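A.B. asks: Sharing a structure, written as structure tokens. Questions coming.
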Amino acid sequence: MYKLSINERYSIEAERTVAAGLLINGVKSKADIKQLRPGIYHVIENNRSYNVEIVNFNGNEKTAEIKVNNHIYYITAKDQFDILLDKLGFSDLNSARISEIKAPMPGLVLKVFVNKGDIIKKGDNLFVLEAMKMENIIKSPADVVVEKILIKSGDKVEKGQILMSF
């Protein structure tokens, strides 16, 4: 079972069972869904036709952006484990809070990808650190706003040295 939030305005429950098929808010869906090509579907329900395109899908974050008859919808999903974490008050543990990035190893800064004031998403590239003849792309561990950049291309850094603050 999934709880879906659509454009942060609407909430529905969706479940696929072997016996009943697709259930939407506990009611069996009678939609006729045909895949036309990867990411493109045609849906007929209640004598209405819908052209559906999956614009963006992120399975790890359980988010999707879909276009239905040229209208964009943003969907976030929570499975039974996410719902349980919410009930227990542990949902905030998934969002890391950091205030700085330290050098994970001694090395040479080859390139810095961000500027002061940039809004960075978790997983975005921050800089390239060369260590032991290998280039390591250092990524953001959380959603942050860059407050200070203490390095530039060509700087040598030591392990544990603060390189950026957020």
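Identifiers for the structure tokens are assigned positionally: chains receive A, B, ... in sequence, residues are indexed from 1 per chain, and ligands are indexed from 1 in the order shown.
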Fewer than 6 positions away in the same chain doesn't count, so skip those; otherwise give me all residues within 10 Å of A:Gln35, counting only C-alpha atoms, as number ranges by chain.
C.D. replies: A: 41-43, 52-53
A.B. asks: What does the distance between atom CA of A:Gly21 and atom CA of A:Ile72 come to in Å, to one decimal place?
C.D. replies: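 Interatomic distance here is 26.1 Å.
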A.B. asks: Quick check for you: according to DSSP on this backbone, which residues of stretch 6-166 of chain A are classed as strand (DSSP E)? Reply as number ranges by chain.
C.D. replies: A: 6, 10-17, 21-24, 27-28, 32-37, 40-45, 48-58, 63-68, 71-78, 100-102, 107-112, 119-120, 125-131, 134-139, 144-145, 148-149, 156-157, 162-165
A.B. asks: Find the spatial neighbours of A:Gly107, counting only C-alpha atoms, within a cut-off of 9 Å - ignore same-chain residues fewer than 5 positions away - and output them as a VMD selection string.
C.D. replies: chain A and resid 129 to 132 155 to 159
A.B. asks: Find the residue from A:Val145, A:Ile66, A:Leu110, A:Ile6 that sits nearest to A:Lys133; use only C-alpha atoms when measuring.
C.D. replies: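 Smallest separation from A:Lys133 among the options: A:Leu110.
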A.B. asks: Identify all residues of stretch 33-145 of chain A in alpha helix (DSSP H) (DSSP on the backbone) and supply them as a ChimeraX atom specification.
C.D. replies: /A:80-88
A.B. asks: Write a file of the selected residues as a PDB file, in the first residue's frame, keeping C-alpha atoms.
C.D. replies:
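Saved result, out-v8.pdb, follows:
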ATOM      1  CA  GLN A  80       4.189   1.045   4.767  1.00  0.00           C
ATOM      2  CA  PHE A  81       7.699   1.523   6.196  1.00  0.00           C
ATOM      3  CA  ASP A  82       7.681   5.291   5.623  1.00  0.00           C
ATOM      4  CA  ILE A  83       4.238   5.477   7.257  1.00  0.00           C
ATOM      5  CA  LEU A  84       5.484   3.492  10.263  1.00  0.00           C
ATOM      6  CA  LEU A  85       8.515   5.796  10.630  1.00  0.00           C
ATOM      7  CA  ASP A  86       6.142   8.801  10.570  1.00  0.00           C
ATOM      8  CA  LYS A  87       3.940   7.242  13.270  1.00  0.00           C
ATOM      9  CA  LEU A  88       6.969   6.534  15.460  1.00  0.00           C
TER      10      LEU A  88
END
